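Chemist: Next comes input21.pdb, PDB, C-alpha atoms and all ligand atoms:
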ATOM      1  CA  MET A 161      64.611  31.584  -1.264
ATOM      2  CA  PRO A 162      66.595  33.558   1.370
ATOM      3  CA  SER A 163      69.579  31.766   2.879
ATOM      4  CA  PRO A 164      69.299  30.638   6.525
ATOM      5  CA  SER A 165      71.854  33.249   7.602
ATOM      6  CA  ALA A 166      70.182  36.249   5.898
ATOM      7  CA  PRO A 167      68.573  38.824   8.226
ATOM      8  CA  LEU A 168      64.964  37.988   8.962
ATOM      9  CA  PRO A 169      62.196  40.331   7.812
ATOM     10  CA  ARG A 170      60.332  42.223  10.526
ATOM     11  CA  ALA A 171      57.132  40.440   9.466
ATOM     12  CA  PRO A 172      54.667  43.259  10.250
ATOM     13  CA  GLY A 173      51.618  41.203   9.317
ATOM     14  CA  ALA A 174      51.234  37.491   9.823
ATOM     15  CA  ALA A 175      53.885  36.178  12.173
ATOM     16  CA  LEU A 176      52.634  32.645  11.600
ATOM     17  CA  GLU A 177      51.012  31.293   8.452
ATOM     18  CA  VAL A 178      49.881  27.687   8.219
ATOM     19  CA  ASP A 179      48.186  26.461   5.055
ATOM     20  CA  GLY A 180      47.014  23.013   4.011
ATOM     21  CA  LEU A 181      49.010  21.396   6.818
ATOM     22  CA  VAL A 182      48.857  17.596   6.882
ATOM     23  CA  LYS A 183      50.582  15.325   9.389
ATOM     24  CA  ARG A 184      50.006  11.576   9.364
ATOM     25  CA  TYR A 185      50.866   8.940  11.910
ATOM     26  CA  ALA A 186      50.683   5.350  10.651
ATOM     27  CA  GLY A 187      48.744   6.544   7.625
ATOM     28  CA  ARG A 188      46.156   8.418   9.725
ATOM     29  CA  ALA A 189      45.987  12.179   9.174
ATOM     30  CA  VAL A 190      45.888  13.699  12.661
ATOM     31  CA  VAL A 191      46.329  17.127  11.058
ATOM     32  CA  ASP A 192      44.301  17.206   7.901
ATOM     33  CA  GLY A 193      44.577  20.325   5.752
ATOM     34  CA  LEU A 194      44.739  22.802   8.601
ATOM     35  CA  ALA A 195      45.051  26.536   7.907
ATOM     36  CA  LEU A 196      45.485  29.398  10.349
ATOM     37  CA  THR A 197      47.390  32.623  10.810
ATOM     38  CA  ALA A 198      48.610  34.572  13.814
ATOM     39  CA  ARG A 199      49.500  38.238  13.682
ATOM     40  CA  ALA A 200      51.928  40.445  15.561
ATOM     41  CA  GLY A 201      50.342  42.284  18.486
ATOM     42  CA  GLU A 202      47.535  39.739  18.787
ATOM     43  CA  VAL A 203      46.773  36.752  20.961
ATOM     44  CA  THR A 204      45.668  33.865  18.766
ATOM     45  CA  ALA A 205      44.052  31.014  20.677
ATOM     46  CA  VAL A 206      43.901  27.476  19.326
ATOM     47  CA  LEU A 207      41.142  25.475  21.005
ATOM     48  CA  GLY A 208      40.134  21.892  20.448
ATOM     49  CA  PRO A 209      39.259  18.631  22.187
ATOM     50  CA  ASN A 210      41.911  16.121  23.279
ATOM     51  CA  GLY A 211      43.555  14.573  20.246
ATOM     52  CA  ALA A 212      42.270  17.248  17.840
ATOM     53  CA  GLY A 213      45.759  17.889  16.460
ATOM     54  CA  LYS A 214      46.693  21.121  18.237
ATOM     55  CA  THR A 215      50.016  20.030  19.683
ATOM     56  CA  THR A 216      51.036  18.326  16.446
ATOM     57  CA  THR A 217      50.248  21.551  14.568
ATOM     58  CA  ILE A 218      52.202  23.679  17.012
ATOM     59  CA  GLU A 219      55.123  21.237  16.913
ATOM     60  CA  CYS A 220      55.183  21.577  13.108
ATOM     61  CA  CYS A 221      55.262  25.371  13.601
ATOM     62  CA  GLU A 222      58.127  25.026  16.071
ATOM     63  CA  GLY A 223      60.086  22.928  13.563
ATOM     64  CA  LEU A 224      59.929  19.882  15.839
ATOM     65  CA  ARG A 225      57.915  17.822  13.337
ATOM     66  CA  THR A 226      58.058  17.557   9.561
ATOM     67  CA  PRO A 227      54.721  18.097   7.819
ATOM     68  CA  ASP A 228      53.603  15.534   5.256
ATOM     69  CA  ALA A 229      52.010  18.306   3.186
ATOM     70  CA  GLY A 230      51.193  21.997   3.343
ATOM     71  CA  THR A 231      53.230  25.027   4.283
ATOM     72  CA  VAL A 232      54.256  26.595   7.562
ATOM     73  CA  ARG A 233      55.821  30.052   7.677
ATOM     74  CA  VAL A 234      57.168  31.420  10.929
ATOM     75  CA  LEU A 235      58.148  35.090  10.666
ATOM     76  CA  GLY A 236      58.195  34.470   6.927
ATOM     77  CA  ARG A 237      60.488  31.438   7.107
ATOM     78  CA  ASP A 238      60.252  27.664   6.991
ATOM     79  CA  PRO A 239      60.780  26.667  10.632
ATOM     80  CA  ARG A 240      62.867  23.587   9.803
ATOM     81  CA  ALA A 241      65.076  25.097   7.107
ATOM     82  CA  HIS A 242      65.663  28.253   9.160
ATOM     83  CA  ALA A 243      65.670  26.852  12.680
ATOM     84  CA  ALA A 244      68.908  28.547  13.755
ATOM     85  CA  ALA A 245      67.839  31.974  12.492
ATOM     86  CA  LEU A 246      64.397  31.688  14.074
ATOM     87  CA  ARG A 247      65.509  30.360  17.473
ATOM     88  CA  PRO A 248      66.325  33.782  18.993
ATOM     89  CA  ARG A 249      63.031  35.233  17.782
ATOM     90  CA  VAL A 250      60.583  32.500  18.753
ATOM     91  CA  GLY A 251      59.700  31.617  22.349
ATOM     92  CA  VAL A 252      58.284  28.212  23.201
ATOM     93  CA  MET A 253      56.543  27.111  26.367
ATOM     94  CA  LEU A 254      55.948  23.374  26.219
ATOM     95  CA  GLN A 255      53.247  21.555  28.180
ATOM     96  CA  ASP A 256      55.756  19.394  30.077
ATOM     97  CA  GLY A 257      58.106  22.311  30.615
ATOM     98  CA  GLY A 258      61.071  20.714  28.812
ATOM     99  CA  LEU A 259      63.340  22.033  31.586
ATOM    100  CA  PRO A 260      66.438  20.294  33.026
ATOM    101  CA  SER A 261      65.175  18.513  36.137
ATOM    102  CA  GLY A 262      68.308  18.728  38.307
ATOM    103  CA  ALA A 263      68.992  22.460  37.965
ATOM    104  CA  ARG A 264      67.591  25.098  40.295
ATOM    105  CA  ALA A 265      64.820  27.337  38.967
ATOM    106  CA  LEU A 266      66.750  30.605  38.892
ATOM    107  CA  GLU A 267      69.844  28.941  37.414
ATOM    108  CA  VAL A 268      67.723  27.670  34.543
ATOM    109  CA  LEU A 269      66.227  31.083  33.859
ATOM    110  CA  ARG A 270      69.621  32.821  34.041
ATOM    111  CA  HIS A 271      71.100  30.200  31.745
ATOM    112  CA  VAL A 272      68.344  30.665  29.166
ATOM    113  CA  ALA A 273      68.631  34.472  29.422
ATOM    114  CA  ALA A 274      72.379  34.257  28.746
ATOM    115  CA  MET A 275      71.684  32.653  25.358
ATOM    116  CA  TYR A 276      70.147  35.896  24.054
ATOM    117  CA  THR A 277      71.872  39.117  23.100
ATOM    118  CA  ALA A 278      69.303  41.424  24.716
ATOM    119  CA  PRO A 279      67.307  39.407  27.245
ATOM    120  CA  ARG A 280      64.642  40.814  29.540
ATOM    121  CA  ASP A 281      65.591  41.707  33.053
ATOM    122  CA  VAL A 282      65.640  38.377  34.916
ATOM    123  CA  GLY A 283      64.941  40.016  38.281
ATOM    124  CA  GLU A 284      61.839  41.713  36.920
ATOM    125  CA  LEU A 285      60.502  38.435  35.504
ATOM    126  CA  VAL A 286      61.277  36.650  38.767
ATOM    127  CA  GLU A 287      59.359  39.330  40.625
ATOM    128  CA  ARG A 288      56.283  39.459  38.432
ATOM    129  CA  LEU A 289      55.891  35.688  38.091
ATOM    130  CA  GLY A 290      56.556  35.042  41.776
ATOM    131  CA  ILE A 291      59.602  32.870  41.074
ATOM    132  CA  ALA A 292      61.633  34.228  44.025
ATOM    133  CA  SER A 293      59.927  31.911  46.514
ATOM    134  CA  PHE A 294      61.216  28.820  44.678
ATOM    135  CA  SER A 295      64.277  30.236  42.912
ATOM    136  CA  ARG A 296      66.683  27.831  44.696
ATOM    137  CA  THR A 297      64.461  24.750  44.301
ATOM    138  CA  ALA A 298      65.432  22.046  41.803
ATOM    139  CA  VAL A 299      63.119  21.870  38.798
ATOM    140  CA  ARG A 300      62.083  18.277  39.585
ATOM    141  CA  ARG A 301      60.797  19.415  43.015
ATOM    142  CA  LEU A 302      58.696  22.302  41.702
ATOM    143  CA  SER A 303      54.911  22.104  41.837
ATOM    144  CA  GLY A 304      53.075  21.997  38.523
ATOM    145  CA  GLY A 305      52.138  25.666  38.704
ATOM    146  CA  GLN A 306      55.679  26.710  39.663
ATOM    147  CA  ARG A 307      57.117  24.751  36.766
ATOM    148  CA  GLN A 308      54.656  26.431  34.414
ATOM    149  CA  ARG A 309      55.693  29.869  35.621
ATOM    150  CA  LEU A 310      59.356  29.052  35.133
ATOM    151  CA  ALA A 311      58.657  27.655  31.652
ATOM    152  CA  LEU A 312      56.781  30.845  30.767
ATOM    153  CA  ALA A 313      59.644  33.008  32.020
ATOM    154  CA  CYS A 314      62.075  30.976  29.896
ATOM    155  CA  ALA A 315      59.819  31.345  26.832
ATOM    156  CA  VAL A 316      59.708  35.147  27.039
ATOM    157  CA  VAL A 317      63.090  36.092  28.531
ATOM    158  CA  GLY A 318      64.671  36.378  25.070
ATOM    159  CA  ARG A 319      62.155  39.036  23.909
ATOM    160  CA  PRO A 320      60.655  36.845  21.168
ATOM    161  CA  ASP A 321      58.615  38.258  18.270
ATOM    162  CA  LEU A 322      56.445  35.149  18.333
ATOM    163  CA  VAL A 323      55.728  32.997  21.352
ATOM    164  CA  PHE A 324      53.919  29.650  21.590
ATOM    165  CA  LEU A 325      52.259  29.079  24.941
ATOM    166  CA  ASP A 326      50.834  25.611  25.512
ATOM    167  CA  GLU A 327      48.222  25.780  28.269
ATOM    168  CA  PRO A 328      50.162  28.524  30.040
ATOM    169  CA  SER A 329      48.026  28.727  33.166
ATOM    170  CA  ALA A 330      46.959  25.078  33.479
ATOM    171  CA  GLY A 331      47.045  23.991  37.098
ATOM    172  CA  MET A 332      47.794  27.455  38.422
ATOM    173  CA  ASP A 333      46.159  29.142  41.367
ATOM    174  CA  PRO A 334      44.077  32.239  40.535
ATOM    175  CA  GLN A 335      46.838  34.644  41.594
ATOM    176  CA  SER A 336      49.378  33.013  39.310
ATOM    177  CA  ARG A 337      46.880  32.858  36.457
ATOM    178  CA  HIS A 338      46.287  36.567  36.644
ATOM    179  CA  ALA A 339      50.028  37.265  36.723
ATOM    180  CA  VAL A 340      50.375  35.101  33.608
ATOM    181  CA  TRP A 341      47.451  36.824  31.893
ATOM    182  CA  ASP A 342      48.923  40.249  32.662
ATOM    183  CA  LEU A 343      52.217  39.170  31.131
ATOM    184  CA  VAL A 344      50.466  37.863  28.007
ATOM    185  CA  ARG A 345      48.600  41.158  27.630
ATOM    186  CA  GLU A 346      51.851  43.052  27.980
ATOM    187  CA  LEU A 347      53.475  40.887  25.295
ATOM    188  CA  ARG A 348      50.576  41.707  22.984
ATOM    189  CA  ALA A 349      50.897  45.425  23.732
ATOM    190  CA  ASP A 350      54.586  45.166  22.874
ATOM    191  CA  GLY A 351      53.683  43.779  19.428
ATOM    192  CA  VAL A 352      54.495  40.140  20.119
ATOM    193  CA  ALA A 353      52.460  37.494  18.295
ATOM    194  CA  VAL A 354      51.167  35.155  20.989
ATOM    195  CA  VAL A 355      49.865  31.725  19.987
ATOM    196  CA  LEU A 356      48.022  30.131  22.849
ATOM    197  CA  THR A 357      46.710  26.581  23.052
ATOM    198  CA  THR A 358      44.357  26.091  25.934
ATOM    199  CA  HIS A 359      41.474  24.039  27.249
ATOM    200  CA  LEU A 360      40.477  26.869  29.565
ATOM    201  CA  MET A 361      37.639  28.710  27.921
ATOM    202  CA  ASP A 362      37.807  31.604  30.345
ATOM    203  CA  GLU A 363      41.474  31.988  29.460
ATOM    204  CA  ALA A 364      40.592  32.181  25.767
ATOM    205  CA  GLU A 365      37.759  34.610  26.497
ATOM    206  CA  ALA A 366      40.020  36.777  28.626
ATOM    207  CA  LEU A 367      42.984  36.898  26.260
ATOM    208  CA  ALA A 368      42.236  35.930  22.679
ATOM    209  CA  ASP A 369      41.914  38.439  19.860
ATOM    210  CA  VAL A 370      41.260  35.575  17.460
ATOM    211  CA  VAL A 371      40.180  32.020  18.217
ATOM    212  CA  HIS A 372      40.650  29.010  15.935
ATOM    213  CA  VAL A 373      38.652  25.943  16.943
ATOM    214  CA  VAL A 374      40.359  22.754  15.753
ATOM    215  CA  ASP A 375      38.755  19.337  15.509
ATOM    216  CA  HIS A 376      39.812  16.205  13.636
ATOM    217  CA  GLY A 377      42.880  18.024  12.374
ATOM    218  CA  LYS A 378      41.050  20.941  10.777
ATOM    219  CA  VAL A 379      40.047  24.449  11.779
ATOM    220  CA  ILE A 380      36.265  24.228  12.019
ATOM    221  CA  ALA A 381      35.599  27.800  13.146
ATOM    222  CA  SER A 382      37.601  31.011  13.475
ATOM    223  CA  GLY A 383      36.828  34.469  14.688
ATOM    224  CA  THR A 384      36.915  36.861  17.583
ATOM    225  CA  VAL A 385      35.247  35.693  20.770
ATOM    226  CA  PRO A 386      32.198  37.960  20.135
ATOM    227  CA  GLU A 387      31.942  36.617  16.573
ATOM    228  CA  LEU A 388      31.959  33.039  17.813
ATOM    229  CA  LEU A 389      29.469  33.850  20.557
ATOM    230  CA  ALA A 390      27.150  35.413  17.985
ATOM    231  CA  ARG A 391      27.018  32.189  15.978
ATOM    232  CA  ASP A 392      23.619  30.551  15.763
ATOM    233  CA  GLY A 393      23.432  28.009  18.552
ATOM    234  CA  GLY A 394      21.159  25.879  16.393
ATOM    235  CA  GLY A 395      18.207  25.602  18.752
ATOM    236  CA  ASP A 396      16.377  27.139  21.669
ATOM    237  CA  THR A 397      18.528  29.547  23.555
ATOM    238  CA  GLU A 398      18.519  29.887  27.291
ATOM    239  CA  VAL A 399      18.592  33.484  28.412
ATOM    240  CA  THR A 400      19.516  34.962  31.761
ATOM    241  CA  VAL A 401      17.956  38.230  32.766
ATOM    242  CA  ARG A 402      19.310  39.724  35.954
ATOM    243  CA  PHE A 403      17.624  42.716  37.474
ATOM    244  CA  ALA A 404      16.961  44.324  40.809
ATOM    245  CA  ALA A 405      13.259  43.781  41.410
ATOM    246  CA  PRO A 406      11.320  46.692  42.923
ATOM    247  CA  ALA A 407       9.579  45.843  46.181
ATOM    248  CA  GLY A 408       6.302  44.061  45.588
ATOM    249  CA  LEU A 409       7.033  42.923  42.035
ATOM    250  CA  ASP A 410       4.733  40.017  41.220
ATOM    251  CA  ILE A 411       6.939  37.494  39.427
ATOM    252  CA  ALA A 412       3.789  35.731  38.207
ATOM    253  CA  VAL A 413       3.034  38.783  36.060
ATOM    254  CA  LEU A 414       6.433  38.384  34.470
ATOM    255  CA  THR A 415       6.134  34.650  33.848
ATOM    256  CA  ASP A 416       2.553  35.088  32.525
ATOM    257  CA  TRP A 417       3.832  37.727  30.131
ATOM    258  CA  LEU A 418       6.612  35.377  28.954
ATOM    259  CA  THR A 419       4.196  32.462  28.575
ATOM    260  CA  GLY A 420       1.910  34.686  26.510
ATOM    261  CA  ARG A 421       4.787  35.192  24.091
ATOM    262  CA  GLY A 422       5.433  31.497  23.598
ATOM    263  CA  VAL A 423       8.218  31.143  26.142
ATOM    264  CA  VAL A 424       8.260  27.560  27.399
ATOM    265  CA  ASP A 425       8.693  26.931  31.135
ATOM    266  CA  PRO A 426       9.698  30.450  32.146
ATOM    267  CA  SER A 427      11.550  29.594  35.349
ATOM    268  CA  VAL A 428      13.638  32.690  34.663
ATOM    269  CA  SER A 429      17.138  31.540  35.448
ATOM    270  CA  VAL A 430      19.958  30.618  33.046
ATOM    271  CA  GLY A 431      23.412  31.859  32.022
ATOM    272  CA  ARG A 432      24.628  33.835  29.086
ATOM    273  CA  ARG A 433      26.018  31.840  26.207
ATOM    274  CA  THR A 434      29.724  31.352  26.828
ATOM    275  CA  LEU A 435      32.649  30.405  24.673
ATOM    276  CA  GLU A 436      32.426  26.973  26.301
ATOM    277  CA  ASP A 437      28.885  26.582  24.893
ATOM    278  CA  VAL A 438      30.145  27.477  21.423
ATOM    279  CA  PHE A 439      33.034  25.045  21.800
ATOM    280  CA  LEU A 440      30.725  22.195  22.832
ATOM    281  CA  ASP A 441      28.266  22.981  20.019
ATOM    282  CA  LEU A 442      31.111  22.793  17.541
ATOM    283  CA  THR A 443      32.939  19.758  18.843
ATOM    284  CA  GLY A 444      30.216  17.756  20.574
ATOM    285  CA  ARG A 445      30.032  16.434  24.107
ATOM    286  CA  HIS A 446      31.526  12.981  23.684
ATOM    287  CA  LEU A 447      34.845  12.326  25.410
ATOM    288  CA  ARG A 448      37.939  11.793  23.314
TER     289      ARG A 448
HETATM  290  N1  LIG B 501      54.202  10.592  17.710
HETATM  291  C1  LIG B 501      52.968  10.149  17.505
HETATM  292  N2  LIG B 501      52.734   8.919  16.984
HETATM  293  C2  LIG B 501      51.483   8.488  16.768
HETATM  294  N3  LIG B 501      50.364   9.210  17.024
HETATM  295  C3  LIG B 501      50.534  10.432  17.546
HETATM  296  C4  LIG B 501      51.840  10.977  17.814
HETATM  297  N4  LIG B 501      51.681  12.220  18.321
HETATM  298  C5  LIG B 501      50.360  12.441  18.378
HETATM  299  N5  LIG B 501      49.669  11.384  17.912
HETATM  300  C6  LIG B 501      48.199  11.268  17.784
HETATM  301  O1  LIG B 501      47.771  12.376  17.033
HETATM  302  C7  LIG B 501      46.499  12.826  17.482
HETATM  303  C8  LIG B 501      46.582  14.318  17.744
HETATM  304  O2  LIG B 501      47.423  14.529  18.878
HETATM  305  P1  LIG B 501      47.762  15.985  19.420
HETATM  306  O3  LIG B 501      48.719  15.802  20.551
HETATM  307  O4  LIG B 501      48.187  16.851  18.298
HETATM  308  O5  LIG B 501      46.342  16.455  19.936
HETATM  309  P2  LIG B 501      45.963  17.730  20.844
HETATM  310  O6  LIG B 501      44.874  18.440  20.116
HETATM  311  O7  LIG B 501      47.173  18.512  21.178
HETATM  312  O8  LIG B 501      45.377  17.018  22.134
HETATM  313  P3  LIG B 501      45.423  17.431  23.701
HETATM  314  O9  LIG B 501      44.370  18.479  23.863
HETATM  315  O10 LIG B 501      45.047  16.157  24.381
HETATM  316  O11 LIG B 501      46.804  17.912  24.037
HETATM  317  C9  LIG B 501      46.163  11.991  18.705
HETATM  318  O12 LIG B 501      45.258  10.991  18.322
HETATM  319  C10 LIG B 501      47.478  11.404  19.117
HETATM  320  O13 LIG B 501      47.299  10.139  19.717
END
Please go through the file and, once you have read it, give me the structure as structure tokens.

Modeler:
Amino acid sequence: MPSPSAPLPRAPGAALEVDGLVKRYAGRAVVDGLALTARAGEVTAVLGPNGAGKTTTIECCEGLRTPDAGTVRVLGRDPRAHAAALRPRVGVMLQDGGLPSGARALEVLRHVAAMYTAPRDVGELVERLGIASFSRTAVRRLSGGQRQRLALACAVVGRPDLVFLDEPSAGMDPQSRHAVWDLVRELRADGVAVVLTTHLMDEAEALADVVHVVDHGKVIASGTVPELLARDGGGDTEVTVRFAAPAGLDIAVLTDWLTGRGVVDPSVSVGRRTLEDVFLDLTGRHLR
């Protein structure tokens, strides 16, 4: 086994490998044999209902929790045994921000940047994430969306090879969301492995190269968004057909034609199957 101080491999393939991960609380396995990988230059989305075990899994990957069983490899290393060596190469954006509440936004970002040998340009990050307008505001006074943007800037300022983003655009206005999405796409283009947990299906559809759906502590489906969308929905499928009707088109002819082919109740409206449909098929509609 390499020593914690040895240089880290460049890890061209899987930046994150989780296999057979188990984490129990009070004897209950909240992560129960979970396996997933995330590769460099890809956005890997982890989706799942409340309480599915996503955060616990990610915290095991970040070295914040000790697994009860299974293996976690971050850039080829055990995240707990090699925490110091991994810290400069792994960016973490936590749901609650994890930022010092009394400090001003820009001070925090500058402070975090100073911990790295070759940080990104702070001014450029401030500009692209719209931090300038609240740069002198104390963290505790920031709005939810502002705090998220600052947390994201802190997670990426050190030029990580792997970055964990926990609901990166939750609570953000559309402008901020798109700025965040652009940054995530740029990270991917730069070869960063981005691991994204989100409840926002449009965010997963917009960004994810690979999606892992987690429920009851296990990955219950994995694939690209088109692969997941192509899964059998297990029943009748609603179909939307949009078209520009020529003047005088008799819709009755269309509905008669559909009825003649066994289509039930051809009211001719509906939406395409979305990732949210797939998610609900997989995990059910009951609240957690
Ligand atoms: N420290 C803890 N002690 C006891 N139970 C815990 C602890 N942390 C998490 N849990 C439980 O583990 C289960 C999984 O929680 P986890 O936070 O991993 O879910 P999640 O998928 O991230 O959910 P959400 O989408 O709501 O963030 C939940 O039932 C939660 O109550």

Chemist: Just want the 9 Å neighbourhood of Thr226 (chain A), counted on all atoms listed in the file, with same-chain residues fewer than 4 positions away dropped. Output as a list in words.

Modeler: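 So the residues in contact are Lys183, Glu219, Cys220 and Arg240 of chain A.
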
Chemist: Might you spell out which residues the PyMOL selection byres (((not hetatm)) within 12 of (chain B and resi 501)) would select in the displayed file, as a count of residues only?

Modeler: 50

Chemist: Listing only residues of region 245-271 of chain A within 9 Å of region 302-319 of chain A, what is the closest atom pair and its distance in Å (to one decimal) for each, using all atoms listed in the file, sorted by chain and residue number ascending, as a Markdown table?

Modeler:
| residue | atom | partner | partner_atom | distance |
| --- | --- | --- | --- | --- |
| A:Pro248 | CA | A:Gly318 | CA | 6.8 |
| A:Arg249 | CA | A:Arg319 | CA | 7.3 |
| A:Val250 | CA | A:Ala315 | CA | 8.2 |
| A:Gly251 | CA | A:Ala315 | CA | 4.5 |
| A:Val252 | CA | A:Ala315 | CA | 5.0 |
| A:Met253 | CA | A:Ala315 | CA | 5.4 |
| A:Leu254 | CA | A:Ala311 | CA | 7.4 |
| A:Gln255 | CA | A:Gln308 | CA | 8.0 |
| A:Asp256 | CA | A:Gln308 | CA | 8.3 |
| A:Gly257 | CA | A:Ala311 | CA | 5.5 |
| A:Gly258 | CA | A:Ala311 | CA | 7.9 |
| A:Leu259 | CA | A:Ala311 | CA | 7.3 |
| A:Ala265 | CA | A:Leu310 | CA | 6.9 |
| A:Leu266 | CA | A:Leu310 | CA | 8.4 |
| A:Val268 | CA | A:Cys314 | CA | 8.0 |
| A:Leu269 | CA | A:Cys314 | CA | 5.7 |
| A:Arg270 | CA | A:Cys314 | CA | 8.8 |

Chemist: Just the number, please: distance in Å from CA of Leu235 (chain A) to CA of Glu222 (chain A), one decimal.

Modeler: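 Computed distance, CA of Leu235 (chain A) to CA of Glu222 (chain A), equals 11.4 Å.
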
Chemist: What is the CA of Ser261 (chain A) to CA of Gly223 (chain A) distance in Å?

Modeler: 23.6 Å

Chemist: Could you please give me, as a ChimeraX atom specification, the residues of protein, DNA or RNA lying at most 12 Å from (61.1, 39.7, 17.3) in the coordinate frame of the file, considering all atoms listed in the file?

Modeler: /A:167-172,175,200-201,234-236,245-251,276,278-279,316-323,347,350-354

Chemist: Find, counting all atoms listed in the file, the residue in A:Val344, A:Val178, A:Ala274, A:Ala195 that gets nearest to Ala366 (chain A).

Modeler: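 So, comparing all the options, the nearest one is A:Val344.
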
Chemist: Rounded to one decimal place, report the CA of Arg199 (chain A)-CA of Arg348 (chain A) distance in Å.

Modeler: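 Value for the CA of Arg199 (chain A)-CA of Arg348 (chain A) distance: 10.0 Å.
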
Chemist: Run the PyMOL selection byres (((chain A and resi 382) around 6) and not hetatm) mentally over the shown coordinates, then write out the matched residues as a PyMOL selection string, using the chain letters and numbers from the document.

Modeler: chain A and resi 371-372+381+383

Chemist: Considering only C-alpha atoms, return as an MDAnalysis selection string whatever protein or nucleic-acid residues lie within 10 Å of Arg337 (chain A), sequence-local ones (same chain, fewer than 4 positions apart) excluded.

Modeler: chainID A and resid 289 305 309 328:333 341:343 363

Chemist: Emit the selected residues as a tab-separated table (two decimals), in the coordinates of the input, including C-alpha atoms.

Modeler:
chain	number	residue	atom	x	y	z
A	289	LEU	CA	55.89	35.69	38.09
A	305	GLY	CA	52.14	25.67	38.70
A	309	ARG	CA	55.69	29.87	35.62
A	328	PRO	CA	50.16	28.52	30.04
A	329	SER	CA	48.03	28.73	33.17
A	330	ALA	CA	46.96	25.08	33.48
A	331	GLY	CA	47.04	23.99	37.10
A	332	MET	CA	47.79	27.46	38.42
A	333	ASP	CA	46.16	29.14	41.37
A	341	TRP	CA	47.45	36.82	31.89
A	342	ASP	CA	48.92	40.25	32.66
A	343	LEU	CA	52.22	39.17	31.13
A	363	GLU	CA	41.47	31.99	29.46

Chemist: From the options A:Pro260, A:Glu267, A:Val232, A:Glu202, which residue's atoms come nearest to Glu346 (chain A), counting all atoms listed in the file?

Modeler: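 Counting all atoms listed in the file, the residue closest to Glu346 (chain A) is A:Glu202.
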
Chemist: Using the chain letters and residue numbers of this document, give as a list of chain:residue names the residues selected by the PyMOL selection byres (((chain A and resi 290) around 10) and not hetatm).

Modeler: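 When the PyMOL selection byres (((chain A and resi 290) around 10) and not hetatm) is applied to the shown file, the picked residues are A:Glu284, A:Leu285, A:Val286, A:Glu287, A:Arg288, A:Leu289, A:Ile291, A:Ala292, A:Ser293, A:Phe294, A:Ser295, A:Gln306, A:Arg309, A:Leu310, A:Gln335, A:Ser336, A:Ala339.
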
Chemist: Of the residues A:Val203, A:Glu177, A:Leu435, A:Val272, which is the one nearest to Asp369 (chain A), using all atoms listed in the file?

Modeler: A:Val203

Chemist: Counting all atoms listed in the file, which residue out of A:Thr277, A:Leu418, A:Met361, A:Val438 sits closest to Ala390 (chain A)?

Modeler: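 Using all atoms listed in the file, Ala390 (chain A) sits closest to A:Val438.
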
Chemist: Rank nothing, just name the residue among A:Leu388, A:Cys221, A:Ala229, A:Ala368 nearest to Ala241 (chain A), using all atoms listed in the file.

Modeler: A:Cys221
